[in-house]
file start37.txt (compact mmCIF, C-alpha atoms)
# COMPACT_ATOMS: atom_id res chain seq x y z
CA MET A 675 143.80 114.18 71.37
CA THR A 676 141.24 111.59 70.35
CA SER A 677 140.05 111.07 73.92
CA GLU A 678 139.60 114.85 74.37
CA LEU A 679 137.54 115.05 71.17
CA THR A 680 135.43 112.06 72.21
CA LEU A 681 134.85 113.58 75.64
CA LEU A 682 133.77 116.91 74.07
CA VAL A 683 131.32 115.15 71.71
CA LEU A 684 129.86 113.15 74.63
CA ARG A 685 129.45 116.34 76.69
CA LEU A 686 127.67 118.12 73.84
CA ALA A 687 125.42 115.10 73.20
CA PHE A 688 124.53 114.99 76.92
CA ILE A 689 123.63 118.69 76.91
CA VAL A 690 121.42 118.23 73.81
CA VAL A 691 119.63 115.26 75.37
CA LEU A 692 119.16 117.21 78.62
CA TRP A 693 117.60 120.18 76.76
CA LEU A 694 115.29 117.87 74.78
CA PHE A 695 114.14 116.34 78.06
CA ILE A 696 113.42 119.81 79.48
CA PHE A 697 111.46 120.82 76.35
CA PHE A 698 109.32 117.65 76.55
CA ILE A 699 108.52 118.39 80.20
CA VAL A 700 107.55 121.99 79.42
CA TYR A 701 105.37 120.81 76.51
CA ALA A 702 103.60 118.26 78.72
CA LEU A 703 102.98 120.87 81.44
CA ARG A 704 101.68 123.38 78.91
CA SER A 705 99.22 120.91 77.41
CA ASP A 706 98.00 119.88 80.89
CA LEU A 707 97.50 123.47 82.01
CA PHE A 708 96.15 125.02 78.82
CA GLY A 709 94.77 122.07 76.82
CA GLN A 710 95.62 120.93 73.34
CA ARG A 711 96.01 123.41 70.53
CA ALA A 712 92.65 124.10 68.92
CA LYS A 713 92.20 123.54 65.21
CA ARG A 714 91.13 126.49 63.11
CA LEU A 715 87.77 126.29 61.38
CA PRO A 716 87.73 126.43 57.59
CA ALA A 717 86.84 129.86 56.20
CA ASP A 718 83.44 128.65 54.92
CA GLN A 719 82.34 127.19 58.27
CA GLN A 720 80.55 129.32 60.87
CA PRO A 721 81.69 129.18 64.53
CA GLY A 722 78.51 127.40 65.73
CA GLN A 723 78.65 124.68 63.08
CA GLN A 724 80.49 121.37 63.26
CA SER A 725 82.42 119.92 60.38
CA GLN A 726 81.24 116.72 58.70
CA GLN A 727 84.14 114.80 60.28
CA ALA A 728 83.70 116.19 63.80
CA ALA A 729 79.94 115.53 63.93
CA PRO A 730 80.10 111.72 64.47
CA ALA A 731 82.64 112.09 67.29
CA ALA A 732 80.54 114.74 69.02
CA GLN A 733 77.36 112.68 68.71
CA ALA A 734 78.86 109.38 69.88
CA PRO A 735 77.99 108.70 73.53
CA ARG A 736 80.80 107.86 75.94
CA GLN A 737 81.10 104.16 76.52
CA SER A 738 82.18 104.54 80.18
CA ALA A 739 79.08 106.51 81.24
CA PRO A 740 76.42 104.39 82.97
CA ARG A 741 73.13 104.06 81.13
CA THR A 742 69.99 105.71 82.43
CA PRO A 743 66.40 105.04 81.44
CA VAL A 744 65.23 106.98 78.40
CA PRO A 745 63.29 110.03 79.59
CA PRO A 746 59.73 110.34 78.33
CA ALA A 747 59.30 112.60 75.33
CA ALA A 748 58.25 116.15 76.14
CA PRO A 749 55.01 117.44 74.66
CA SER A 750 55.60 119.48 71.52
CA GLY A 751 55.93 123.21 72.10
CA GLU A 752 57.51 122.79 75.55
CA THR A 753 61.04 122.11 74.31
CA PRO A 754 63.38 125.02 75.09
CA THR A 755 64.73 126.85 72.05
CA ARG A 756 67.45 129.05 73.58
CA LEU A 757 70.20 128.97 76.18
CA VAL A 758 70.47 132.07 78.41
CA ILE A 759 73.55 132.66 80.58
CA THR A 760 72.38 134.01 83.95
CA LYS A 761 75.69 134.24 85.84
CA GLY A 762 79.33 134.51 84.83
CA ALA A 763 81.56 136.41 82.42
CA LYS A 764 79.04 136.11 79.57
CA ASN A 765 75.99 137.06 81.68
CA GLY A 766 73.01 137.92 79.46
CA LEU A 767 74.25 136.02 76.39
CA GLU A 768 71.49 134.13 74.57
CA MET A 769 72.12 131.45 71.97
CA PRO A 770 69.69 129.39 69.92
CA LEU A 771 69.79 125.67 70.72
CA GLY A 772 68.92 124.23 67.32
CA ASP A 773 68.49 120.46 67.25
CA GLY A 774 72.04 119.12 67.42
CA PRO A 775 74.44 118.61 70.30
CA LEU A 776 76.00 121.68 71.90
CA THR A 777 79.47 121.30 73.42
CA ILE A 778 80.64 123.45 76.33
CA GLY A 779 84.21 124.03 77.49
CA ARG A 780 87.38 126.10 77.22
CA SER A 781 88.33 124.65 73.83
CA ASN A 782 87.93 126.80 70.72
CA GLU A 783 86.17 123.76 69.22
CA SER A 784 83.31 124.10 71.73
CA ASN A 785 80.02 125.66 70.66
CA LEU A 786 79.84 127.60 73.95
CA ILE A 787 83.31 128.67 75.05
CA ILE A 788 83.65 129.36 78.78
CA ARG A 789 87.08 130.57 79.82
CA ASP A 790 87.52 130.28 83.56
CA ASP A 791 89.76 128.30 85.90
CA TYR A 792 86.99 125.85 86.86
CA THR A 793 85.93 124.77 83.35
CA SER A 794 87.59 121.84 81.59
CA THR A 795 88.70 121.93 77.95
CA HIS A 796 85.81 119.63 76.98
CA HIS A 797 83.50 120.03 79.97
CA ALA A 798 79.93 119.07 79.04
CA ARG A 799 77.53 118.39 76.20
CA LEU A 800 73.87 119.34 75.75
CA MET A 801 71.89 116.92 73.57
CA LEU A 802 68.31 116.72 72.40
CA TRP A 803 67.17 113.24 73.50
CA ASN A 804 63.59 112.09 72.85
CA GLY A 805 62.35 115.67 72.66
CA ARG A 806 64.08 116.79 75.89
CA TRP A 807 67.41 118.53 76.43
CA VAL A 808 69.90 116.44 78.40
CA VAL A 809 73.25 117.52 79.88
CA GLN A 810 76.17 115.08 79.94
CA ASP A 811 79.33 115.79 81.93
CA LEU A 812 82.40 114.80 79.89
CA ASP A 813 84.48 113.63 82.89
CA SER A 814 85.30 117.21 83.87
CA THR A 815 87.44 117.93 86.90
CA ASN A 816 85.05 120.28 88.72
CA GLY A 817 81.76 118.78 87.54
CA THR A 818 78.49 119.97 86.05
CA PHE A 819 75.58 120.83 88.34
CA VAL A 820 71.81 120.90 87.71
CA ASN A 821 70.01 122.83 90.49
CA GLY A 822 73.07 122.34 92.73
CA THR A 823 73.25 118.55 92.22
CA ARG A 824 76.33 117.15 90.48
CA VAL A 825 75.57 115.33 87.22
CA THR A 826 77.16 111.88 86.87
CA VAL A 827 74.94 110.47 84.11
CA PRO A 828 73.11 112.19 81.24
CA THR A 829 70.42 114.20 83.03
CA PRO A 830 67.30 115.89 81.59
CA ILE A 831 67.13 119.66 82.06
CA PRO A 832 63.67 121.08 82.69
CA THR A 833 62.92 124.55 81.32
CA ASN A 834 64.18 127.43 83.52
CA THR A 835 66.40 125.12 85.60
CA THR A 836 69.86 126.40 86.55
CA VAL A 837 72.85 124.49 85.15
CA THR A 838 76.27 125.46 86.54
CA ILE A 839 79.60 124.84 84.83
CA GLY A 840 82.59 126.42 86.54
CA THR A 841 81.60 129.96 87.53
CA THR A 842 78.97 130.20 84.77
CA SER A 843 75.28 129.38 85.21
CA PHE A 844 72.69 129.14 82.45
CA GLU A 845 69.09 128.14 81.88
CA LEU A 846 67.23 126.68 78.92
CA ARG A 847 64.21 128.77 77.98
CA ARG A 848 61.47 128.78 75.34
call {"tool": "encode", "arguments": {"input": "start37.txt", "output": "structure tokens"}}
result
Amino acid sequence: MTSELTLLVLRLAFIVVLWLFIFFIVYALRSDLFGQRAKRLPADQQPGQQSQQAAPAAQAPRQSAPRTPVPPAAPSGETPTRLVITKGAKNGLEMPLGDGPLTIGRSNESNLIIRDDYTSTHHARLMLWNGRWVVQDLDSTNGTFVNGTRVTVPTPIPTNTTVTIGTTSFELRR
């Protein structure tokens, strides 16, 4: 009697452990395929704004990216003020650039959300650097391209130059 009860308890424990293992595998696959769950913005924060806590992380440069020489400052009045999507699901969308970094990716935390199969969760970042807009690829799988050339280091974007992320292309305009 005792051995039968022990055997039953061991069988049930094995089944529970097996199901936990399966759930952990499914969770890992889901997070790899669809990214981490996005945090909701507080009610008083607008979608284009970053919270006080998120701003330092978004502005900190990646340590692994090689350094490039600082581009010369652009003459005043030539700095683009808006981003215009020229190809993709959001074709025709225009957004003001402001003066802070602009994140691009599938994540709901991104300033410009691009939902396609070729865009990473945190794909790229646009930054104003010495008066010029610069694009930085955030180690995305499919890359970021400026005029058809893959970006590996922070690269300045001239006005009206095509930047491609996934199936979406955009330009910076005045």
call {"tool": "residues_near_point", "arguments": {"input": "start37.txt", "point": "(79.4, 119.0, 90.2)", "cutoff": "12 Å", "atoms": "all atoms listed in the file", "output": "number ranges by chain"}}
result
A: 792-793, 797-798, 810-827, 837-841
call {"tool": "closest_residue", "arguments": {"input": "start37.txt", "among": "A:Leu707, A:Ala687, A:Met801, A:Leu846", "to": "Pro770 in chain A", "atoms": "only C-alpha atoms"}}
result
A:Leu846
call {"tool": "closest_residue", "arguments": {"input": "start37.txt", "among": "A:Ala763, A:Leu679, A:Leu776, A:Phe844", "to": "Trp807 in chain A", "atoms": "all atoms listed in the file"}}
result
A:Leu776
call {"tool": "axis_aligned_box", "arguments": {"input": "start37.txt", "around": "range 781-800 of chain A", "padding_each_side": "4 Å", "output": "AutoDock Vina command-line options"}}
result
--center_x 81.8 --center_y 124.5 --center_z 78.0 --size_x 23.9 --size_y 20.2 --size_z 25.6
call {"tool": "atom_distance", "arguments": {"input": "start37.txt", "atom1": "CA of Asn782 in chain A", "atom2": "CA of Met769 in chain A"}}
result
16.5 Å
call {"tool": "residues_around", "arguments": {"input": "start37.txt", "residues": "Thr760 in chain A", "least_positions_apart": "2", "cutoff": "7 Å", "atoms": "only C-alpha atoms", "output": "PDB file with C-alpha atoms, in the frame of the given file"}}
result
ATOM      1  CA  VAL A 758      70.470 132.070  78.410  1.00  0.00           C
ATOM      2  CA  ASN A 765      75.990 137.060  81.680  1.00  0.00           C
ATOM      3  CA  GLY A 766      73.010 137.920  79.460  1.00  0.00           C
ATOM      4  CA  SER A 843      75.280 129.380  85.210  1.00  0.00           C
ATOM      5  CA  PHE A 844      72.690 129.140  82.450  1.00  0.00           C
TER       6      PHE A 844
END
call {"tool": "closest_residue", "arguments": {"input": "start37.txt", "among": "A:Ile699, A:Leu681, A:Leu767, A:Val809", "to": "Pro828 in chain A", "atoms": "all atoms listed in the file"}}
result
A:Val809
call {"tool": "atom_distance", "arguments": {"input": "start37.txt", "atom1": "CA of Thr755 in chain A", "atom2": "CA of Arg848 in chain A"}}
result
5.0 Å
call {"tool": "atom_distance", "arguments": {"input": "start37.txt", "atom1": "CA of Pro754 in chain A", "atom2": "CA of Asp791 in chain A"}}
result
28.7 Å
call {"tool": "closest_residue", "arguments": {"input": "start37.txt", "among": "A:Val690, A:Ile759, A:Leu802, A:Leu684", "to": "Pro775 in chain A", "atoms": "only C-alpha atoms"}}
result
A:Leu802
